[in-house]
Each structure stands twice: as structure tokens, then as C-alpha cells.
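J.: This one is query_24.cif, mmCIF, C-alpha atoms, pLDDT in the B column; chains and numbers go by the auth columns.
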```cif
data_work
loop_
_atom_site.group_PDB
_atom_site.id
_atom_site.type_symbol
_atom_site.label_atom_id
_atom_site.label_comp_id
_atom_site.label_asym_id
_atom_site.label_seq_id
_atom_site.Cartn_x
_atom_site.Cartn_y
_atom_site.Cartn_z
_atom_site.B_iso_or_equiv
_atom_site.auth_seq_id
_atom_site.auth_asym_id
ATOM 1 C CA MET A 1 115.003 92.520 254.315 58.00 190 A
ATOM 2 C CA PRO A 2 118.768 92.753 254.935 73.00 191 A
ATOM 3 C CA VAL A 3 117.871 95.612 257.309 87.00 192 A
ATOM 4 C CA ALA A 4 116.165 93.097 259.604 88.00 193 A
ATOM 5 C CA LEU A 5 119.310 90.986 259.721 87.00 194 A
ATOM 6 C CA PHE A 6 121.553 94.002 260.303 89.00 195 A
ATOM 7 C CA LEU A 7 119.349 95.087 263.207 90.00 196 A
ATOM 8 C CA ALA A 8 119.555 91.578 264.636 90.00 197 A
ATOM 9 C CA LEU A 9 123.347 91.607 264.315 87.00 198 A
ATOM 10 C CA GLY A 10 123.452 94.922 266.136 88.00 199 A
ATOM 11 C CA GLN A 11 121.760 93.334 269.143 90.00 200 A
ATOM 12 C CA ILE A 12 123.790 90.123 269.254 87.00 201 A
ATOM 13 C CA GLY A 13 125.441 91.168 272.521 86.00 202 A
ATOM 14 C CA ASP A 14 122.100 91.407 274.339 88.00 203 A
ATOM 15 C CA PRO A 15 122.162 89.231 277.495 87.00 204 A
ATOM 16 C CA ALA A 16 118.777 87.765 276.527 85.00 205 A
ATOM 17 C CA PHE A 17 120.402 86.171 273.481 86.00 206 A
ATOM 18 C CA ARG A 18 123.052 84.294 275.440 83.00 207 A
ATOM 19 C CA ARG A 19 121.057 81.445 276.968 81.00 208 A
ATOM 20 C CA PRO A 20 119.318 80.324 273.737 80.00 209 A
ATOM 21 C CA LEU A 21 122.623 80.670 271.897 79.00 210 A
ATOM 22 C CA LEU A 22 124.550 78.659 274.478 80.00 211 A
ATOM 23 C CA ILE A 23 121.944 75.912 274.822 79.00 212 A
ATOM 24 C CA GLY A 24 121.546 75.585 271.061 73.00 213 A
ATOM 25 C CA VAL A 25 125.289 75.382 270.469 75.00 214 A
ATOM 26 C CA LEU A 26 125.998 72.950 273.312 78.00 215 A
ATOM 27 C CA GLY A 27 123.082 70.709 272.404 73.00 216 A
ATOM 28 C CA ALA A 28 124.030 70.606 268.737 71.00 217 A
ATOM 29 C CA ALA A 29 127.707 70.066 269.560 76.00 218 A
ATOM 30 C CA LEU A 30 126.832 67.105 271.777 78.00 219 A
ATOM 31 C CA ALA A 31 124.536 65.522 269.186 73.00 220 A
ATOM 32 C CA LEU A 32 126.960 66.003 266.315 73.00 221 A
ATOM 33 C CA GLY A 33 129.952 64.955 268.402 78.00 222 A
ATOM 34 C CA LEU A 34 128.156 61.657 268.918 76.00 223 A
ATOM 35 C CA LEU A 35 127.594 61.486 265.153 72.00 224 A
ATOM 36 C CA ILE A 36 131.321 61.885 264.454 75.00 225 A
ATOM 37 C CA TRP A 37 132.193 59.328 267.130 78.00 226 A
ATOM 38 C CA GLY A 38 129.665 56.907 265.651 76.00 227 A
ATOM 39 C CA ALA A 39 131.108 57.351 262.159 72.00 228 A
ATOM 40 C CA VAL A 40 134.633 56.624 263.408 73.00 229 A
ATOM 41 C CA GLU A 41 133.495 53.580 265.380 74.00 230 A
ATOM 42 C CA ALA A 42 131.485 52.253 262.439 74.00 231 A
ATOM 43 C CA ALA A 43 134.506 52.591 260.167 69.00 232 A
ATOM 44 C CA ALA A 44 136.706 50.856 262.744 70.00 233 A
ATOM 45 C CA TRP A 45 134.208 48.002 263.030 71.00 234 A
ATOM 46 C CA ALA A 46 134.047 47.643 259.243 69.00 235 A
ATOM 47 C CA ALA A 47 137.848 47.460 259.043 67.00 236 A
ATOM 48 C CA ALA A 48 138.252 45.074 261.987 68.00 237 A
ATOM 49 C CA GLY A 49 140.706 42.299 261.202 63.00 238 A
ATOM 50 C CA ASP A 50 142.478 44.253 258.477 63.00 239 A
ATOM 51 C CA ALA A 51 146.006 45.591 258.648 65.00 240 A
ATOM 52 C CA ALA A 52 146.598 48.310 261.231 68.00 241 A
ATOM 53 C CA TRP A 53 147.259 50.960 258.608 62.00 242 A
ATOM 54 C CA LEU A 54 144.034 50.065 256.794 65.00 243 A
ATOM 55 C CA SER A 55 142.065 50.261 260.019 66.00 244 A
ATOM 56 C CA TRP A 56 143.585 53.657 260.760 68.00 245 A
ATOM 57 C CA LEU A 57 142.746 54.844 257.248 74.00 246 A
ATOM 58 C CA ALA A 58 139.157 53.651 257.606 68.00 247 A
ATOM 59 C CA GLN A 59 138.771 55.469 260.913 68.00 248 A
ATOM 60 C CA ALA A 60 140.227 58.648 259.428 72.00 249 A
ATOM 61 C CA ALA A 61 137.802 58.406 256.515 74.00 250 A
ATOM 62 C CA GLY A 62 134.927 57.773 258.913 69.00 251 A
ATOM 63 C CA GLY A 63 135.925 60.794 260.954 70.00 252 A
ATOM 64 C CA ALA A 64 136.087 62.957 257.830 75.00 253 A
ATOM 65 C CA VAL A 65 132.637 61.819 256.720 74.00 254 A
ATOM 66 C CA GLY A 66 131.277 62.399 260.216 72.00 255 A
ATOM 67 C CA LEU A 67 132.800 65.869 260.292 72.00 256 A
ATOM 68 C CA LEU A 68 131.238 66.728 256.930 74.00 257 A
ATOM 69 C CA LEU A 69 127.848 65.493 258.097 73.00 258 A
ATOM 70 C CA ALA A 70 128.190 67.434 261.349 72.00 259 A
ATOM 71 C CA TRP A 71 128.948 70.619 259.405 74.00 260 A
ATOM 72 C CA TRP A 72 125.941 70.140 257.107 75.00 261 A
ATOM 73 C CA LEU A 73 123.535 69.024 259.835 75.00 262 A
ATOM 74 C CA PHE A 74 124.592 71.460 262.557 74.00 263 A
ATOM 75 C CA LEU A 75 121.992 74.055 261.601 72.00 264 A
ATOM 76 C CA PRO A 76 118.829 71.912 261.847 77.00 265 A
ATOM 77 C CA VAL A 77 119.935 70.403 265.147 74.00 266 A
ATOM 78 C CA ALA A 78 120.785 73.794 266.647 70.00 267 A
ATOM 79 C CA ALA A 79 117.575 75.287 265.231 72.00 268 A
ATOM 80 C CA ALA A 80 115.441 72.527 266.750 73.00 269 A
ATOM 81 C CA ILE A 81 116.954 73.160 270.173 72.00 270 A
ATOM 82 C CA ALA A 82 116.955 76.958 269.964 68.00 271 A
ATOM 83 C CA SER A 83 113.367 76.995 268.669 72.00 272 A
ATOM 84 C CA GLN A 84 112.263 76.016 272.160 72.00 273 A
ATOM 85 C CA LEU A 85 113.834 79.257 273.436 74.00 274 A
ATOM 86 C CA VAL A 86 112.501 81.757 270.904 85.00 275 A
ATOM 87 C CA GLU A 87 110.531 83.865 273.374 87.00 276 A
ATOM 88 C CA PRO A 88 113.395 85.562 275.283 89.00 277 A
ATOM 89 C CA VAL A 89 115.056 86.601 272.027 91.00 278 A
ATOM 90 C CA ALA A 90 111.821 87.960 270.568 92.00 279 A
ATOM 91 C CA ARG A 91 110.952 89.790 273.787 92.00 280 A
ATOM 92 C CA ALA A 92 114.387 91.424 273.894 92.00 281 A
ATOM 93 C CA VAL A 93 113.983 92.675 270.327 94.00 282 A
ATOM 94 C CA GLU A 94 110.500 94.003 271.043 93.00 283 A
ATOM 95 C CA ARG A 95 111.614 95.766 274.232 92.00 284 A
ATOM 96 C CA ARG A 96 114.378 97.555 272.375 92.00 285 A
ATOM 97 C CA TYR A 97 112.742 98.383 269.053 93.00 286 A
ATOM 98 C CA TYR A 98 108.966 98.054 269.516 92.00 287 A
ATOM 99 C CA PRO A 99 108.218 99.063 273.124 91.00 288 A
ATOM 100 C CA GLY A 100 104.642 100.137 272.401 87.00 289 A
ATOM 101 C CA LEU A 101 103.372 96.677 271.492 88.00 290 A
ATOM 102 C CA PRO A 102 100.508 95.178 273.517 88.00 291 A
ATOM 103 C CA PRO A 103 101.108 91.983 275.524 86.00 292 A
ATOM 104 C CA PRO A 104 101.457 88.980 273.204 83.00 293 A
ATOM 105 C CA ARG A 105 98.518 86.630 272.750 83.00 294 A
ATOM 106 C CA GLY A 106 99.785 84.023 270.387 84.00 295 A
ATOM 107 C CA ALA A 107 99.501 80.283 270.056 86.00 296 A
ATOM 108 C CA SER A 108 99.709 78.097 273.140 88.00 297 A
ATOM 109 C CA VAL A 109 103.088 77.144 274.543 85.00 298 A
ATOM 110 C CA ALA A 110 102.423 73.542 273.524 88.00 299 A
ATOM 111 C CA ALA A 111 101.627 74.573 269.944 89.00 300 A
ATOM 112 C CA GLN A 112 104.781 76.679 269.750 88.00 301 A
ATOM 113 C CA ALA A 113 106.947 73.883 271.148 85.00 302 A
ATOM 114 C CA ALA A 114 105.413 71.331 268.791 88.00 303 A
ATOM 115 C CA PHE A 115 105.960 73.558 265.779 89.00 304 A
ATOM 116 C CA GLY A 116 109.563 74.219 266.809 85.00 305 A
ATOM 117 C CA LEU A 117 110.243 70.508 267.075 83.00 306 A
ATOM 118 C CA ARG A 118 108.599 69.816 263.708 87.00 307 A
ATOM 119 C CA PHE A 119 110.559 72.669 262.168 86.00 308 A
ATOM 120 C CA GLY A 120 113.872 71.270 263.370 82.00 309 A
ATOM 121 C CA LEU A 121 113.051 67.707 262.330 84.00 310 A
ATOM 122 C CA ARG A 122 111.767 68.824 258.924 86.00 311 A
ATOM 123 C CA LEU A 123 114.895 70.870 258.330 84.00 312 A
ATOM 124 C CA LEU A 124 117.042 67.931 259.425 82.00 313 A
ATOM 125 C CA LEU A 125 115.243 65.596 257.027 86.00 314 A
ATOM 126 C CA ILE A 126 115.575 68.089 254.178 86.00 315 A
ATOM 127 C CA GLN A 127 119.296 68.502 254.838 82.00 316 A
ATOM 128 C CA ILE A 128 119.758 64.731 254.787 83.00 317 A
ATOM 129 C CA LEU A 129 117.735 64.306 251.588 86.00 318 A
ATOM 130 C CA LEU A 130 119.744 67.062 249.915 84.00 319 A
ATOM 131 C CA LEU A 131 123.091 65.373 250.569 80.00 320 A
ATOM 132 C CA PRO A 132 123.105 63.460 247.223 85.00 321 A
ATOM 133 C CA LEU A 133 122.951 66.793 245.383 82.00 322 A
ATOM 134 C CA PHE A 134 126.526 67.440 246.442 73.00 323 A
ATOM 135 C CA PHE A 135 127.576 64.845 243.874 77.00 324 A
ATOM 136 C CA ILE A 136 126.329 67.228 241.163 83.00 325 A
ATOM 137 C CA PRO A 137 129.041 69.893 240.882 80.00 326 A
ATOM 138 C CA LEU A 138 127.887 73.455 241.569 81.00 327 A
ATOM 139 C CA VAL A 139 124.300 72.957 240.375 84.00 328 A
ATOM 140 C CA GLY A 140 123.580 70.479 243.147 82.00 329 A
ATOM 141 C CA PHE A 141 124.993 72.787 245.795 83.00 330 A
ATOM 142 C CA VAL A 142 122.964 75.751 244.527 87.00 331 A
ATOM 143 C CA LEU A 143 119.756 73.705 244.477 87.00 332 A
ATOM 144 C CA ALA A 144 120.423 72.430 247.993 84.00 333 A
ATOM 145 C CA LEU A 145 121.037 75.973 249.195 85.00 334 A
ATOM 146 C CA LEU A 146 117.818 77.305 247.653 87.00 335 A
ATOM 147 C CA VAL A 147 115.693 74.533 249.137 86.00 336 A
ATOM 148 C CA SER A 148 117.312 74.965 252.550 84.00 337 A
ATOM 149 C CA ALA A 149 116.718 78.711 252.351 87.00 338 A
ATOM 150 C CA HIS A 150 112.987 78.230 251.827 88.00 339 A
ATOM 151 C CA ALA A 151 112.651 75.735 254.672 87.00 340 A
ATOM 152 C CA LEU A 152 114.723 77.886 257.017 87.00 341 A
ATOM 153 C CA GLY A 153 112.901 81.117 256.192 89.00 342 A
ATOM 154 C CA ALA A 154 109.464 79.542 256.506 90.00 343 A
ATOM 155 C CA GLY A 155 110.323 77.946 259.821 89.00 344 A
ATOM 156 C CA MET A 156 111.894 81.037 261.354 89.00 345 A
ATOM 157 C CA VAL A 157 109.115 83.418 260.326 92.00 346 A
ATOM 158 C CA THR A 158 106.283 81.085 261.314 93.00 347 A
ATOM 159 C CA GLN A 159 107.878 80.114 264.629 91.00 348 A
ATOM 160 C CA THR A 160 108.371 83.754 265.564 92.00 349 A
ATOM 161 C CA ALA A 161 104.890 84.760 264.420 93.00 350 A
ATOM 162 C CA LEU A 162 103.351 82.156 266.728 93.00 351 A
ATOM 163 C CA LEU A 163 104.370 84.287 269.703 92.00 352 A
ATOM 164 C CA ARG A 164 101.674 86.777 268.728 92.00 353 A
ATOM 165 C CA MET A 165 99.439 84.832 266.356 92.00 354 A
ATOM 166 C CA THR A 166 97.455 81.643 266.095 92.00 355 A
ATOM 167 C CA MET A 167 98.745 78.954 263.765 92.00 356 A
ATOM 168 C CA PRO A 168 96.485 79.972 260.826 93.00 357 A
ATOM 169 C CA GLU A 169 97.488 83.620 261.298 93.00 358 A
ATOM 170 C CA ALA A 170 101.181 82.721 261.473 93.00 359 A
ATOM 171 C CA ARG A 171 100.933 80.728 258.261 92.00 360 A
ATOM 172 C CA ALA A 172 99.142 83.627 256.597 93.00 361 A
ATOM 173 C CA ALA A 173 101.924 85.949 257.789 92.00 362 A
ATOM 174 C CA TRP A 174 104.481 83.660 256.166 92.00 363 A
ATOM 175 C CA ARG A 175 102.556 83.711 252.896 92.00 364 A
ATOM 176 C CA ARG A 176 102.546 87.520 252.961 91.00 365 A
ATOM 177 C CA GLN A 177 106.252 87.596 253.730 90.00 366 A
ATOM 178 C CA ARG A 178 107.231 84.678 251.508 90.00 367 A
ATOM 179 C CA LEU A 179 109.737 86.584 249.367 91.00 368 A
ATOM 180 C CA SER A 180 111.345 88.499 252.236 91.00 369 A
ATOM 181 C CA GLY A 181 111.310 85.369 254.370 91.00 370 A
ATOM 182 C CA TRP A 182 112.994 83.372 251.624 91.00 371 A
ATOM 183 C CA VAL A 183 115.705 86.024 251.272 92.00 372 A
ATOM 184 C CA LEU A 184 116.197 85.900 255.039 91.00 373 A
ATOM 185 C CA GLY A 185 116.434 82.116 254.830 90.00 374 A
ATOM 186 C CA LEU A 186 118.986 82.383 252.028 91.00 375 A
ATOM 187 C CA LEU A 187 121.196 84.772 253.989 91.00 376 A
ATOM 188 C CA LEU A 188 120.965 82.550 257.055 88.00 377 A
ATOM 189 C CA ALA A 189 121.707 79.434 254.997 86.00 378 A
ATOM 190 C CA LEU A 190 124.827 81.118 253.603 88.00 379 A
ATOM 191 C CA MET A 191 125.892 82.096 257.109 87.00 380 A
ATOM 192 C CA ALA A 192 125.327 78.516 258.225 82.00 381 A
ATOM 193 C CA LEU A 193 128.040 77.362 255.828 82.00 382 A
ATOM 194 C CA VAL A 194 130.676 79.391 257.674 83.00 383 A
ATOM 195 C CA PRO A 195 132.109 77.779 260.829 77.00 384 A
ATOM 196 C CA ILE A 196 131.693 79.915 263.972 78.00 385 A
ATOM 197 C CA LEU A 197 129.236 82.195 262.162 81.00 386 A
ATOM 198 C CA ASN A 198 126.832 79.268 261.898 79.00 387 A
ATOM 199 C CA LEU A 199 126.562 79.247 265.696 79.00 388 A
ATOM 200 C CA LEU A 200 124.658 82.532 265.551 85.00 389 A
ATOM 201 C CA VAL A 201 122.115 81.557 262.899 84.00 390 A
ATOM 202 C CA PRO A 202 119.212 80.316 265.088 85.00 391 A
ATOM 203 C CA VAL A 203 119.285 83.363 267.369 88.00 392 A
ATOM 204 C CA LEU A 204 119.908 85.867 264.572 89.00 393 A
ATOM 205 C CA GLY A 205 117.159 84.263 262.503 89.00 394 A
ATOM 206 C CA THR A 206 114.655 84.680 265.312 91.00 395 A
ATOM 207 C CA ALA A 207 115.609 88.306 265.932 93.00 396 A
ATOM 208 C CA ALA A 208 115.525 89.134 262.220 93.00 397 A
ATOM 209 C CA ALA A 209 112.127 87.454 261.841 93.00 398 A
ATOM 210 C CA VAL A 210 110.752 89.684 264.611 94.00 399 A
ATOM 211 C CA HIS A 211 111.888 92.757 262.691 94.00 400 A
ATOM 212 C CA LEU A 212 110.542 91.358 259.446 92.00 401 A
ATOM 213 C CA LEU A 213 107.090 90.817 260.912 92.00 402 A
ATOM 214 C CA HIS A 214 106.808 94.103 262.796 90.00 403 A
ATOM 215 C CA ARG A 215 108.320 96.338 260.136 83.00 404 A
ATOM 216 C CA SER A 216 105.896 94.935 257.594 75.00 405 A
ATOM 217 C CA GLY A 217 102.939 95.372 259.923 62.00 406 A
ATOM 218 C CA GLY A 218 102.450 91.622 259.947 54.00 407 A
ATOM 219 C CA SER A 219 101.978 91.235 263.697 54.00 408 A
#
```
Re-express the file's structure as C-alpha cells.
T.:
Amino acid sequence: MPVALFLALGQIGDPAFRRPLLIGVLGAALALGLLIWGAVEAAAWAAAGDAAWLSWLAQAAGGAVGLLLAWWLFLPVAAAIASQLVEPVARAVERRYYPGLPPPRGASVAAQAAFGLRFGLRLLLIQILLLPLFFIPLVGFVLALLVSAHALGAGMVTQTALLRMTMPEARAAWRRQRLSGWVLGLLLALMALVPILNLLVPVLGTAAAVHLLHRSGGS
């Protein structure tokens, strides 16, 4: 499975990757920038009427909390946005590595868009629900990472499979690729923890999922 990710990394400079990458990053940055701003403003409101230094401290704490949340929630927000732009990435991978494929006849555009939105929202909800695990040293972080890896792998593989499969077929493809897909999700989840590198995760995940499906004969 790492081969699929290495192949995706080797194509990261492809022009077809730029638009989904840019839109995903800008959209997520805007949403999470608003989150940080909201956290600072909420802290300032809570400290209104207190001494100036206490108000400043509250705003700094609010900003720190907002920044932490933005770091943890960046991936699902970016994934939800980029999931609406999976096709150009997948087509670029297929043109380069699998030129003999027949024209795709997958799920409808509406079904693909709906799944992408559900995938992003589900991942966002999971990331939020996993936040309390960070209060359990080490074990909590590992558990959160493993759960995120499964959700991320399942979403990426299924979303990509829908380009050439119906929904039942895409779900069956995920079941066949569950282990490899989970490993892919784990690698992507680890990448998502690294600033700057996390910007590439939605696009790399899509490209790697294409390789995973085609190299296994799953599509």
C-alpha cells in the first residue's frame, strides 16, 4: 500500500492537482480562521469587565484553543471541500498510469457530491468526538489516530471508487480493500498532524486511492 502513496507523491506537481489543492486549502483556511477568531472573541466576551491583563490573557488562551482546534479539524474541513473535486485528480492519475481504462461509468454526480459531503461531515464529527481522548496521555492519542485512520481510509477509497462504480460496488470495493485502505488512512492521518504536509492530504489521498483500487483490480 505505501507504493500507492509514493506514486501519488511522485505526481504531486501535476497541474490537475493544483485547483483541488488550492480550493481545499483556501476553503479550510477561511473556515478555521473564523473558528480561531470566534474563540478569541468568545474569550474576550467572557472576560469583559475584568482587568486589562486578565482580558488579554483570556484572549490569548482563546486564540491558543482555537489554533489547536483548527489544527485538529483542518483535515475534515479540507477533505469535505476537496471531495467535491475528486474527478480531475483521479483522471490525471488514470491518464498517466492507467491509459487503457474504458470511460468511467460510476455513480451519478449528485451521489458522488452527497457522499463527499457526508464523508467530510462524518470525519468532522469524529474528530470533534475524539477530542476528549487527548486528556488520556498517549493511549488517547493513539486511539484517536486509529479511529481517524479508519474513517479517512474508508472515505477516500469509497469516494474515489464512486467515479467508476455504483454505491453498492464502491462499498464492496472498500470491504475488499479494508486493510490496505486502513493503512492508507493511517499514513494520511499521520501526515495530517504535520503542518504544511497536512495541506496535501486530501489530494494525495485521492490519488493514492486510485492506485489502490486499480492495482488491486478493484475497479
J.: Given only C-alpha atoms as the basis, pick out the residue of A:Leu246, A:Leu368, A:Leu210, A:Ala228 nearest to Leu389 of chain A.
T.: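 Result for the nearest residue to Leu389 of chain A: A:Leu210.
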J.: What is the distance between atom CA of Thr349 of chain A and atom CA of Arg364 of chain A, in Å to one decimal?
T.: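 Separation of atom CA of Thr349 of chain A and atom CA of Arg364 of chain A: 13.9 Å.
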J.: Output the residue selection produced by the PyMOL selection byres ((chain A and resi 312-322) around 12) on the file above, formatted as number ranges by chain.
T.: A: 217, 254, 257-270, 304-311, 323-345, 374, 378
J.: Do you know which residues are at most 12 Å from Leu290 of chain A counting all atoms listed in the file, after dropping those on the same chain fewer than 2 positions away, and could you put them as number ranges by chain?
T.: A: 280, 282-288, 292-294, 353, 403, 406, 408
J.: Create the file for the chosen residues now, containing C-alpha atoms and written as a PDB file, in the coordinates of the input.
T.:
```pdb
ATOM      1  CA  ARG A 280     110.952  89.790 273.787  1.00 92.00           C
ATOM      2  CA  VAL A 282     113.983  92.675 270.327  1.00 94.00           C
ATOM      3  CA  GLU A 283     110.500  94.003 271.043  1.00 93.00           C
ATOM      4  CA  ARG A 284     111.614  95.766 274.232  1.00 92.00           C
ATOM      5  CA  ARG A 285     114.378  97.555 272.375  1.00 92.00           C
ATOM      6  CA  TYR A 286     112.742  98.383 269.053  1.00 93.00           C
ATOM      7  CA  TYR A 287     108.966  98.054 269.516  1.00 92.00           C
ATOM      8  CA  PRO A 288     108.218  99.063 273.124  1.00 91.00           C
ATOM      9  CA  PRO A 292     101.108  91.983 275.524  1.00 86.00           C
ATOM     10  CA  PRO A 293     101.457  88.980 273.204  1.00 83.00           C
ATOM     11  CA  ARG A 294      98.518  86.630 272.750  1.00 83.00           C
ATOM     12  CA  ARG A 353     101.674  86.777 268.728  1.00 92.00           C
ATOM     13  CA  HIS A 403     106.808  94.103 262.796  1.00 90.00           C
ATOM     14  CA  GLY A 406     102.939  95.372 259.923  1.00 62.00           C
ATOM     15  CA  SER A 408     101.978  91.235 263.697  1.00 54.00           C
TER      16      SER A 408
END
```
J.: Tell me which protein, DNA and RNA residues are within 8 Å of Leu194 of chain A, counting all atoms listed in the file, leaving out same-chain ones fewer than 2 positions away, and put them as a PyMOL selection string.
T.: chain A and resi 190-192+196-198+373+393-394+396-397
J.: Could you expand the PyMOL selection byres ((chain A and resi 363) around 9) into the explicit residues it covers here, written as a PDB file with C-alpha atoms, in the frame of the given file?
T.:
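Result file is selection.pdb:
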```
ATOM      1  CA  GLY A 342     112.901  81.117 256.192  1.00 89.00           C
ATOM      2  CA  ALA A 343     109.464  79.542 256.506  1.00 90.00           C
ATOM      3  CA  GLY A 344     110.323  77.946 259.821  1.00 89.00           C
ATOM      4  CA  VAL A 346     109.115  83.418 260.326  1.00 92.00           C
ATOM      5  CA  THR A 347     106.283  81.085 261.314  1.00 93.00           C
ATOM      6  CA  ALA A 350     104.890  84.760 264.420  1.00 93.00           C
ATOM      7  CA  GLU A 358      97.488  83.620 261.298  1.00 93.00           C
ATOM      8  CA  ALA A 359     101.181  82.721 261.473  1.00 93.00           C
ATOM      9  CA  ARG A 360     100.933  80.728 258.261  1.00 92.00           C
ATOM     10  CA  ALA A 361      99.142  83.627 256.597  1.00 93.00           C
ATOM     11  CA  ALA A 362     101.924  85.949 257.789  1.00 92.00           C
ATOM     12  CA  ARG A 364     102.556  83.711 252.896  1.00 92.00           C
ATOM     13  CA  ARG A 365     102.546  87.520 252.961  1.00 91.00           C
ATOM     14  CA  GLN A 366     106.252  87.596 253.730  1.00 90.00           C
ATOM     15  CA  ARG A 367     107.231  84.678 251.508  1.00 90.00           C
ATOM     16  CA  GLY A 370     111.310  85.369 254.370  1.00 91.00           C
ATOM     17  CA  LEU A 402     107.090  90.817 260.912  1.00 92.00           C
TER      18      LEU A 402
END
```
J.: Taking into account all atoms listed in the file, which residue in the set A:Ala193, A:Leu211, A:Leu376, A:Met356 is nearest to Ala303 of chain A?
T.: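 Smallest distance to Ala303 of chain A is found for A:Met356.
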J.: Could you give me, as a list in words, the residues within 10 Å of Ala302 of chain A, counting only C-alpha atoms and dropping anything in the same chain fewer than 6 positions from it?
T.: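 What passes the distance filter is Ala269, Ser272, Gln273, Leu274, Val275, Ala296, Phe308 and Gln348 of chain A.
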J.: Counting only C-alpha atoms, which of A:Ser405, A:Asn387, A:Ser297, A:Thr395 gets nearest to Val214 of chain A?
T.: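 The answer is A:Asn387, which sits nearest to Val214 of chain A.
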J.: Have a look at A:Gln301, A:Ala205, A:Leu224, A:Pro357 and name the one nearest to Leu256 of chain A; count only C-alpha atoms.
T.: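 Selected residue with least distance to Leu256 of chain A: A:Leu224.
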J.: With 8 Å on each side, where is the centre of the axis-aligned box around all listed atoms of segment 304-315 of chain A, and how long are its edges in Å to one decimal, as lines of an AutoDock Vina configuration file?
T.:
```
center_x = 111.5
center_y = 69.9
center_z = 260.6
size_x = 27.1
size_y = 24.6
size_z = 28.9
```
J.: For a test of reading the model, state the distance in Å between atom CA of Ala281 of chain A and atom CA of Arg404 of chain A, rounded to one decimal.
T.: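 For atom CA of Ala281 of chain A relative to atom CA of Arg404 of chain A, the distance reads 15.8 Å.
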J.: Could you please determine the separation between atom CA of Gly216 of chain A and atom CA of Val278 of chain A in Å, to one decimal place?
T.: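 Interatomic distance, atom CA of Gly216 of chain A to atom CA of Val278 of chain A: 17.8 Å.
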J.: Taking all atoms listed in the file into account, which of A:Leu352, A:Ile212, A:Ala220, A:Ala381 comes nearest Ala299 of chain A?
T.: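 For Ala299 of chain A, the nearest of the candidates is A:Leu352.
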